Amino acid sequence: MDVEEYENEPGFVGEARWPMAGAVLAAILLTFLLPSDVRIFPVWVLPSIEALLLVALVAGDPGEISRRSRQLRWLSIVLVALLLLASLLSTILLVASLIQGGDKLDTADSLLAAGAVVWGSNVLAFALLFWELDCGGAAERAHRMPSHPDFAFVQQINPDLAPPGWRPRFVDYLYLSITNSIALSPTDTMPLSPWAKSAMAAQSIISLMIIGLVIARAVNVLN
């Protein structure tokens, strides 16, 4: 099967909504675990808005994600943008607290816990960003994969390794986000478009800052 036949194969199955919804709920819950030193808003503000947007998305396209709607698309983009904004603000405040010193991060345990929460929030936020923007989003991917995607997964590079009509799903983007945050570089999935390369580069830099500074500060506290 050549690439053109593979990408335009008729028929589709929409992606299940629950993995994406579960990731959003996990990101919301992580917000409540952040110490006050790395929060800029009252703890309930952003989670409340994010939860309302998630409810609207689930109500507008429950079950499988297959409805191509401009309104739902923008709701999803706004939700991901808020999650990404929250994680980036937490990262900035964590870095500032590590440099200047903070009352809530004066022990190795609290420091490592805060670093893990911020790192996890970034992993989920970037996974949702990759999932939302690649090939026009999940609903668009369900109907048709474009000839020039934003990410090249192994199954796209070598279709013989995947079942006919394979589509990347949220778990693929979550794996991409985790490996990029740990390896600080692409592993088995290559970014192709400028925005994908920029986003992966930004995530690697953020992850390096979190891991490097948290470990260095924790070692200093222990000593």
# chains A, B, ... in the order shown; residues from 1 in each chain; ligands from 1
call {"tool": "closest_atom_pairs", "arguments": {"of": "range 42-119 of chain A", "to": "range 199-213 of chain A", "cutoff": "9 Å", "atoms": "only C-alpha atoms", "output": "tab-separated table"}}
result
residue	atom	partner	partner_atom	distance
A:Leu88	CA	A:Ile206	CA	8.5
A:Thr91	CA	A:Ile210	CA	7.3
A:Leu94	CA	A:Ile210	CA	8.0
A:Val95	CA	A:Ile210	CA	7.2
A:Leu98	CA	A:Leu213	CA	7.1
A:Ile99	CA	A:Leu213	CA	8.5
A:Gly115	CA	A:Ile210	CA	6.5
A:Ala116	CA	A:Ile211	CA	8.7
A:Val118	CA	A:Ile210	CA	8.0
A:Trp119	CA	A:Ser207	CA	6.7
call {"tool": "select_by_dssp", "arguments": {"residues": "range 55-188 of chain A", "states": "helix (DSSP H, G or I)", "output": "PyMOL selection string"}}
result
chain A and resi 55-60+70-100+103-105+108-136+138-143+154-157+159-161+170-183
call {"tool": "closest_residue", "arguments": {"among": "A:Ser48, A:Pro164, A:Phe170, A:Ile92", "to": "Arg17 in chain A", "atoms": "only C-alpha atoms"}}
result
A:Phe170
call {"tool": "closest_residue", "arguments": {"among": "A:Trp131, A:Phe151, A:Trp44, A:Trp166", "to": "Pro186 in chain A", "atoms": "only C-alpha atoms"}}
result
A:Phe151
call {"tool": "residues_around", "arguments": {"residues": "Ala218 in chain A", "least_positions_apart": "4", "cutoff": "8 Å", "atoms": "only C-alpha atoms", "output": "list of chain:residue names"}}
result
A:Thr107, A:Ala108, A:Leu111, A:Leu112, A:Val214, A:Leu222
call {"tool": "write_last_selection", "arguments": {"atoms": "N, CA, C and O atoms", "output": "PDB file, in the first residue's frame"}}
result
ATOM      1  N   THR A 107      12.825  22.269  51.959  1.00  0.00           N
ATOM      2  CA  THR A 107      13.269  20.909  52.239  1.00  0.00           C
ATOM      3  C   THR A 107      13.377  20.139  50.938  1.00  0.00           C
ATOM      4  O   THR A 107      12.710  20.463  49.944  1.00  0.00           O
ATOM      5  N   ALA A 108      14.215  19.089  50.939  1.00  0.00           N
ATOM      6  CA  ALA A 108      14.403  18.297  49.725  1.00  0.00           C
ATOM      7  C   ALA A 108      13.109  17.619  49.291  1.00  0.00           C
ATOM      8  O   ALA A 108      12.810  17.540  48.097  1.00  0.00           O
ATOM      9  N   LEU A 111      10.750  20.165  47.722  1.00  0.00           N
ATOM     10  CA  LEU A 111      11.350  20.625  46.475  1.00  0.00           C
ATOM     11  C   LEU A 111      11.155  19.606  45.358  1.00  0.00           C
ATOM     12  O   LEU A 111      10.729  19.939  44.246  1.00  0.00           O
ATOM     13  N   LEU A 112      11.453  18.350  45.661  1.00  0.00           N
ATOM     14  CA  LEU A 112      11.299  17.295  44.657  1.00  0.00           C
ATOM     15  C   LEU A 112       9.830  17.084  44.304  1.00  0.00           C
ATOM     16  O   LEU A 112       9.497  16.837  43.143  1.00  0.00           O
ATOM     17  N   VAL A 214      15.998  21.667  39.958  1.00  0.00           N
ATOM     18  CA  VAL A 214      15.435  20.968  41.116  1.00  0.00           C
ATOM     19  C   VAL A 214      16.460  20.028  41.728  1.00  0.00           C
ATOM     20  O   VAL A 214      16.648  19.994  42.951  1.00  0.00           O
ATOM     21  N   LEU A 222      20.264  19.067  50.837  1.00  0.00           N
ATOM     22  CA  LEU A 222      20.684  17.892  51.577  1.00  0.00           C
ATOM     23  C   LEU A 222      22.078  18.047  52.191  1.00  0.00           C
ATOM     24  O   LEU A 222      22.377  17.483  53.236  1.00  0.00           O
TER      25      LEU A 222
END
call {"tool": "atom_distance", "arguments": {"atom1": "CA of Ala142 in chain A", "atom2": "CA of Ser66 in chain A"}}
result
6.1 Å
call {"tool": "closest_residue", "arguments": {"among": "A:Arg70, A:Pro19, A:Pro149, A:Val45", "to": "Asp172 in chain A", "atoms": "only C-alpha atoms"}}
result
A:Pro19
call {"tool": "residues_around", "arguments": {"residues": "range 152-154 of chain A", "least_positions_apart": "3", "cutoff": "8 Å", "atoms": "only C-alpha atoms", "output": "compact mmCIF listing (two decimals) with N, CA, C and O atoms, in the first residue's frame"}}
result
# COMPACT_ATOMS: atom_id res chain seq x y z
N PRO A 149 1.78 15.60 7.43
CA PRO A 149 1.46 15.78 8.85
C PRO A 149 2.51 16.63 9.55
O PRO A 149 3.57 16.92 9.01
N ILE A 157 5.71 6.34 8.83
CA ILE A 157 6.91 6.17 8.02
C ILE A 157 6.94 4.78 7.40
O ILE A 157 7.33 4.61 6.24
N ASN A 158 6.50 3.78 8.16
CA ASN A 158 6.47 2.40 7.68
C ASN A 158 5.08 1.83 7.92
O ASN A 158 4.83 1.20 8.95
N PRO A 159 4.14 2.02 6.99
CA PRO A 159 2.75 1.56 7.19
C PRO A 159 2.62 0.06 7.39
O PRO A 159 1.61 -0.40 7.92
N LEU A 161 3.96 -1.63 9.54
CA LEU A 161 3.99 -1.89 10.98
C LEU A 161 2.66 -1.59 11.67
O LEU A 161 2.52 -1.83 12.87
N PRO A 168 -2.76 8.33 14.68
CA PRO A 168 -2.20 8.59 16.01
C PRO A 168 -3.30 9.01 16.97
O PRO A 168 -4.21 9.76 16.60
N ASP A 188 11.45 8.34 18.66
CA ASP A 188 10.98 7.61 17.48
C ASP A 188 9.98 8.41 16.65
O ASP A 188 9.52 7.94 15.61
N THR A 189 9.64 9.62 17.09
CA THR A 189 8.68 10.47 16.37
C THR A 189 9.37 11.77 16.00
O THR A 189 9.90 12.45 16.87
N MET A 190 9.32 12.11 14.72
CA MET A 190 10.03 13.29 14.23
C MET A 190 9.09 14.47 14.01
O MET A 190 8.03 14.30 13.37
N PRO A 191 9.44 15.66 14.51
CA PRO A 191 8.65 16.86 14.19
C PRO A 191 8.98 17.30 12.76
O PRO A 191 10.14 17.33 12.36
N LEU A 192 7.96 17.67 12.01
CA LEU A 192 8.15 18.05 10.61
C LEU A 192 7.88 19.52 10.35
O LEU A 192 8.61 20.17 9.61
call {"tool": "residues_around", "arguments": {"residues": "Leu46 in chain A", "least_positions_apart": "3", "cutoff": "9 Å", "atoms": "only C-alpha atoms", "output": "number ranges by chain"}}
result
A: 28, 31, 41-43, 49-51, 82-83, 86
call {"tool": "select_by_dssp", "arguments": {"residues": "range 8-158 of chain A", "states": "strand (DSSP E or B)", "output": "list in words"}}
result
Glu15, Ala16, Glu64, Ile65, Phe151 and Ala152 of chain A
call {"tool": "closest_residue", "arguments": {"among": "A:Ala138, A:Val171, A:Ala216, A:Leu176", "to": "Asp61 in chain A", "atoms": "only C-alpha atoms"}}
result
A:Ala138
call {"tool": "atom_distance", "arguments": {"atom1": "CA of Glu132 in chain A", "atom2": "CA of Arg167 in chain A"}}
result
13.6 Å
call {"tool": "closest_residue", "arguments": {"among": "A:Gly137, A:Val123, A:Ser193, A:Val38", "to": "Ser69 in chain A", "atoms": "only C-alpha atoms"}}
result
A:Gly137
call {"tool": "residues_around", "arguments": {"residues": "Glu64 in chain A", "least_positions_apart": "6", "cutoff": "6 Å", "atoms": "only C-alpha atoms", "output": "VMD selection string"}}
result
chain A and resid 14 to 17
call {"tool": "write_last_selection", "arguments": {"atoms": "all heavy atoms", "output": "JSON list (two decimals), in the first residue's frame"}}
result
[["chain", "number", "residue", "atom", "x", "y", "z"],
["A", 14, "GLY", "N", -13.68, 7.33, 15.06],
["A", 14, "GLY", "CA", -13.29, 8.46, 15.89],
["A", 14, "GLY", "C", -12.54, 8.01, 17.13],
["A", 14, "GLY", "O", -12.76, 6.92, 17.67],
["A", 15, "GLU", "N", -11.64, 8.86, 17.60],
["A", 15, "GLU", "CA", -10.85, 8.56, 18.80],
["A", 15, "GLU", "C", -11.71, 8.69, 20.04],
["A", 15, "GLU", "O", -12.55, 9.60, 20.14],
["A", 15, "GLU", "CB", -9.67, 9.52, 18.87],
["A", 15, "GLU", "CG", -8.77, 9.31, 20.06],
["A", 15, "GLU", "CD", -7.57, 10.25, 20.06],
["A", 15, "GLU", "OE1", -7.35, 10.93, 19.04],
["A", 15, "GLU", "OE2", -6.87, 10.31, 21.08],
["A", 16, "ALA", "N", -11.53, 7.80, 20.99],
["A", 16, "ALA", "CA", -12.27, 7.87, 22.24],
["A", 16, "ALA", "C", -11.95, 9.16, 22.98],
["A", 16, "ALA", "O", -10.80, 9.61, 22.99],
["A", 16, "ALA", "CB", -11.94, 6.66, 23.12],
["A", 17, "ARG", "N", -12.95, 9.76, 23.59],
["A", 17, "ARG", "CA", -12.78, 11.03, 24.28],
["A", 17, "ARG", "C", -12.09, 10.86, 25.64],
["A", 17, "ARG", "O", -11.37, 11.76, 26.10],
["A", 17, "ARG", "CB", -14.15, 11.69, 24.48],
["A", 17, "ARG", "CG", -14.16, 12.92, 25.36],
["A", 17, "ARG", "CD", -13.49, 14.10, 24.72],
["A", 17, "ARG", "NE", -14.26, 14.68, 23.64],
["A", 17, "ARG", "CZ", -13.85, 15.72, 22.92],
["A", 17, "ARG", "NH1", -12.66, 16.27, 23.16],
["A", 17, "ARG", "NH2", -14.58, 16.19, 21.92]]
